[in-house]
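Undergrad: Sharing a structure with you now.
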Number of protein chains: 2
Amino acid sequence: MPPVIDFYFDFSSPYGYFGSTRIDSLAQALGMETRWHPILLGPMFKTTGAAPLVQIPLKGAYGLHDMARTARLYGIPYQQPDPFPIGTVPTARIMLHLQERDPQQAKEFARRALHAYFVNNQPIGDAETALEIAVSLGADRKATADALASDTIKQKLREQNDAAMQRGVFGSPFVFVGDEPFWGFDRFDAIRLWVNQGGVARAG
Amino acid sequence: MPPVIDFYFDFSSPYGYFGSTRIDSLAQALGMETRWHPILLGPMFKTTGAAPLVQIPLKGAYGLHDMARTARLYGIPYQQPDPFPIGTVPTARIMLHLQERDPQQAKEFARRALHAYFVNNQPIGDAETALEIAVSLGADRKATADALASDTIKQKLREQNDAAMQRGVFGSPFVFVGDEPFWGFDRFDAIRLWVNQGGVARAG
């Protein structure tokens with residue numbers, strides 16, 4: 001059986017957004033399924049000593065240039081959002097809640113939320129905006145709002161983020177093909193190369 | 001006239017080494033010439049707050065895995081050197097000295113030195129080892145050793161490293177196609193895409 005592709009992303013990560021537009025077609029071409037995992041880069045950056053890209057001298061200016069150029073080169077709709085980056089804890093919590101019942105709906109929620117932020121500059125980190133997106137997909141407003149405020153979902157997001165770090169995740173996007181880790185949208189070609197050169201068989 | 005490709009690399013950077021094995025064939029395919037520039041990441045990391053990759057939690061372990069895998073996927077000879085990283089000030093100084101008279105010889109020196117470190121684990125940061133490589137290319141031992149010890153070449157390396165940072169260079173490899181910046185071996189496909197999608201004409 002082919003391995004599952006685990007796709008980790010932060011809702012405020014441009015390269016995570018770019019990855020989200022390609023990961024399922026890449027997986028399909030490789031005959032694999034994907035599981036999507038929202039993460040929070042904040043706690044991860046504390047572990048690795050990283051800072052938000054745009055705050056770093058030299059690297060920040062290059063990063064903004066590279067994001068817009070990457071979108072253009074790969075034909076992905078993109079408008080640099082402002083403010084950027086933003087906190088996206090409610091967005092990640094709602095996705096986890098939706099995922100408990102319907103992983104496909106949760107994936108579609110993620111796609112719409114990422115598009116709303118990175119194309120239409122909508123404040124998807126605000127609970128109300130994130131809720132609207134869930135409701136537009138047929139989620140019950142009250143049930144989703146209740147879940148969002150619950151300790152259960154807060155705890156779950158913390159646990160899942162910790163589990164991702166335990167597994168080695170420290171950036172966005174981060175992909176595992178089975179147990180093989182790939183960091184960055186710029187490793188998507190390497191994923192294909194790795195699989196085609198027999199990586200799965202060697203790793204299995 | 002097509003723009004020149006400026007290729008910046010640190011002698012202790014695996015991704016810089018990977019880039020060095022491909023940059024001239026990439027440039028040739030695009031009908032362009034290259035200029036090679038040795039840099040020192042140390043002073044740059046002070047500006048960006050970066051640390052040597054392998055010292056960073058999570059990222060370090062992934063980095064070592066990714067270096068070996070990248071070499072394998074792209075068919076580049078590689079053995080993780082030890083110690084790693086190393087200081088390469090003498091290596092960079094010798095390259096600058098050779099470059100004053102013969103840029104092609106300087107490029108060949110860089111290729112041999114990178115191969116010596118990343119394939120044969122030779123201590124290319126030691127003045128004696130770096131000198132031997134220069135001598136193997138026909139450089140005069142005494143003249144090269146004298147240049148290596150001169151204030152002129154120390155000053156020149158400092159100035160060129162500062163000029164690179166002024167231009168926006170903060171990592172290795174770092175490439176400019178004309179004025180368009182690309183950071184990382186994983187942007188080499190983007191260079192080709194950018195040129196093929198009319199980047200040069202748009203930027204010019």
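Residues in the structure tokens are named by chain (A, B, ... in the order shown) and by number from 1 within that chain; ligands are numbered from 1 in the order shown.
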Got a sec to pull out which chain B residues are within 7 Å of chain A, counting only C-alpha atoms, and send them as a VMD selection string?
TA: chain B and resid 47 to 48 56 to 59 73 168 170 186 193 to 194
Undergrad: Write out as a PyMOL selection string the residues lying within 6 Å of range 7-11 of chain B, counting only C-alpha atoms and excluding same-chain residues fewer than 2 positions away.
TA: chain B and resi 13+16+36-40+172-175
Undergrad: When you look at range 79-91 of chain A with a cut-off of 7 Å (counting only C-alpha atoms), what residues show up, excluding the ones that are within fewer than 6 positions of it in the same chain? I need them as a PyMOL selection string.
TA: chain A and resi 11-12+117-119+121+124-127+130+148
Undergrad: What does the structure give for the distance between CA of Ile23 in chain B and CA of Leu157 in chain B, in Å to one decimal?
TA: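 CA of Ile23 in chain B sits 22.1 Å away from CA of Leu157 in chain B.
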Undergrad: Just list the residues in chain A DSSP gives strand (DSSP E or B) on the backbone, as a VMD selection string.
TA: chain A and resid 5 to 9 34 to 38 174 to 177 180 to 183
Undergrad: Could you give me the residues within range 6-200 of chain B that DSSP places in helix (DSSP H, G or I), as number ranges by chain?
TA: B: 14-20, 23-29, 41-48, 53-55, 59-73, 89-101, 103-118, 127-136, 141-149, 151-167, 185-196, 199-200
Undergrad: Using C-alpha atoms, can you write the selected residues to a file as a compact mmCIF listing (two decimals), in the first residue's frame?
TA:
# COMPACT_ATOMS: atom_id res chain seq x y z
CA PRO B 14 26.80 22.21 1.10
CA TYR B 15 24.04 23.92 -0.87
CA GLY B 16 26.66 26.34 -2.20
CA TYR B 17 28.69 23.33 -3.34
CA PHE B 18 25.60 21.81 -4.98
CA GLY B 19 25.02 25.12 -6.73
CA SER B 20 28.62 25.26 -7.94
CA ILE B 23 25.47 27.13 -12.12
CA ASP B 24 27.67 27.19 -15.22
CA SER B 25 25.59 24.66 -17.16
CA LEU B 26 22.44 26.54 -16.15
CA ALA B 27 24.00 29.82 -17.32
CA GLN B 28 25.12 28.22 -20.57
CA ALA B 29 21.59 26.93 -21.24
CA LEU B 41 28.48 33.52 5.98
CA GLY B 42 29.72 34.33 9.50
CA PRO B 43 29.38 38.12 9.26
CA MET B 44 26.12 37.73 7.32
CA PHE B 45 24.60 35.51 10.00
CA LYS B 46 25.37 38.25 12.54
CA THR B 47 23.20 40.61 10.50
CA THR B 48 20.29 38.21 10.03
CA LEU B 53 22.10 25.06 10.26
CA VAL B 54 23.29 21.96 12.05
CA GLN B 55 23.30 23.72 15.42
CA LYS B 59 16.16 22.08 11.64
CA GLY B 60 19.72 20.81 12.11
CA ALA B 61 18.80 17.12 11.96
CA TYR B 62 16.53 17.75 9.00
CA GLY B 63 19.27 19.76 7.29
CA LEU B 64 21.81 16.94 7.45
CA HIS B 65 19.21 14.54 6.07
CA ASP B 66 18.25 16.98 3.31
CA MET B 67 21.86 17.62 2.23
CA ALA B 68 22.60 13.95 1.67
CA ARG B 69 19.22 13.39 -0.01
CA THR B 70 19.57 16.44 -2.28
CA ALA B 71 22.97 15.20 -3.46
CA ARG B 72 21.50 11.75 -4.15
CA LEU B 73 18.39 13.05 -5.95
CA VAL B 89 38.82 32.47 5.33
CA PRO B 90 42.15 31.36 3.74
CA THR B 91 40.30 29.49 0.99
CA ALA B 92 38.25 32.56 0.10
CA ARG B 93 41.34 34.80 0.19
CA ILE B 94 43.29 32.52 -2.16
CA MET B 95 40.38 32.46 -4.58
CA LEU B 96 40.23 36.28 -4.62
CA HIS B 97 43.96 36.42 -5.23
CA LEU B 98 43.78 33.98 -8.18
CA GLN B 99 40.79 35.85 -9.55
CA GLU B 100 42.79 39.05 -9.97
CA ARG B 101 44.82 37.43 -12.74
CA PRO B 103 38.99 34.23 -13.23
CA GLN B 104 38.85 30.81 -14.91
CA GLN B 105 41.67 29.49 -12.75
CA ALA B 106 39.96 30.92 -9.68
CA LYS B 107 36.73 29.13 -10.63
CA GLU B 108 38.61 25.87 -11.10
CA PHE B 109 40.27 26.40 -7.71
CA ALA B 110 36.81 26.79 -6.15
CA ARG B 111 35.53 23.63 -7.84
CA ARG B 112 38.51 21.58 -6.66
CA ALA B 113 38.36 22.97 -3.13
CA LEU B 114 34.61 22.31 -2.79
CA HIS B 115 35.08 18.79 -4.14
CA ALA B 116 37.99 18.22 -1.78
CA TYR B 117 35.86 19.16 1.24
CA PHE B 118 32.45 17.78 0.32
CA ALA B 127 46.01 27.54 4.59
CA GLU B 128 48.37 24.71 3.65
CA THR B 129 45.66 22.53 2.13
CA ALA B 130 44.15 25.46 0.23
CA LEU B 131 47.62 26.46 -1.04
CA GLU B 132 48.23 22.91 -2.29
CA ILE B 133 45.06 23.09 -4.36
CA ALA B 134 46.15 26.40 -5.88
CA VAL B 135 49.61 24.98 -6.65
CA SER B 136 48.03 21.91 -8.29
CA ARG B 141 53.42 28.71 -4.18
CA LYS B 142 55.42 31.62 -2.79
CA ALA B 143 53.45 34.34 -4.55
CA THR B 144 50.17 32.79 -3.44
CA ALA B 145 51.35 32.35 0.16
CA ASP B 146 52.56 35.96 0.21
CA ALA B 147 49.24 37.20 -1.15
CA LEU B 148 47.34 35.11 1.39
CA ALA B 149 49.23 36.80 4.22
CA ASP B 151 46.70 43.04 4.21
CA THR B 152 45.55 43.82 0.68
CA ILE B 153 43.75 40.51 0.26
CA LYS B 154 42.32 40.56 3.82
CA GLN B 155 40.90 43.99 3.13
CA LYS B 156 39.58 42.93 -0.25
CA LEU B 157 37.67 39.97 1.15
CA ARG B 158 36.14 42.15 3.86
CA GLU B 159 35.11 44.75 1.30
CA GLN B 160 33.65 42.22 -1.10
CA ASN B 161 31.69 40.53 1.67
CA ASP B 162 30.32 43.90 2.77
CA ALA B 163 29.44 44.76 -0.82
CA ALA B 164 27.59 41.45 -1.17
CA MET B 165 25.55 42.19 1.96
CA GLN B 166 24.84 45.70 0.68
CA ARG B 167 23.46 44.06 -2.42
CA PHE B 185 20.05 25.73 -4.64
CA ASP B 186 16.29 25.11 -4.52
CA ARG B 187 15.75 28.28 -6.58
CA PHE B 188 17.73 27.07 -9.59
CA ASP B 189 14.53 25.87 -11.29
CA ALA B 190 12.97 29.25 -10.48
CA ILE B 191 15.89 30.99 -12.24
CA ARG B 192 15.14 29.06 -15.41
CA LEU B 193 11.38 29.69 -15.08
CA TRP B 194 11.96 33.39 -14.42
CA VAL B 195 14.17 33.82 -17.49
CA ASN B 196 11.87 31.74 -19.70
CA GLY B 199 11.96 38.10 -16.41
CA VAL B 200 15.05 39.61 -18.00
Undergrad: Would you mind reading off the distance between CA of Pro52 in chain A and CA of Pro123 in chain A, one decimal, in Å?
TA: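 Calculated distance between CA of Pro52 in chain A and CA of Pro123 in chain A is 18.1 Å.
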Undergrad: Can you tell me how far CA of Ala139 in chain A sits from CA of Asp102 in chain A, in Å to one decimal?
TA: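 If I compute the distance from CA of Ala139 in chain A to CA of Asp102 in chain A, I get 10.3 Å.
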Undergrad: For Asp6 in chain B, please output as number ranges by chain all residues within 6 Å (counting only C-alpha atoms; exclusion window: fewer than 4 positions along the same chain).
TA: B: 34-35, 175-176
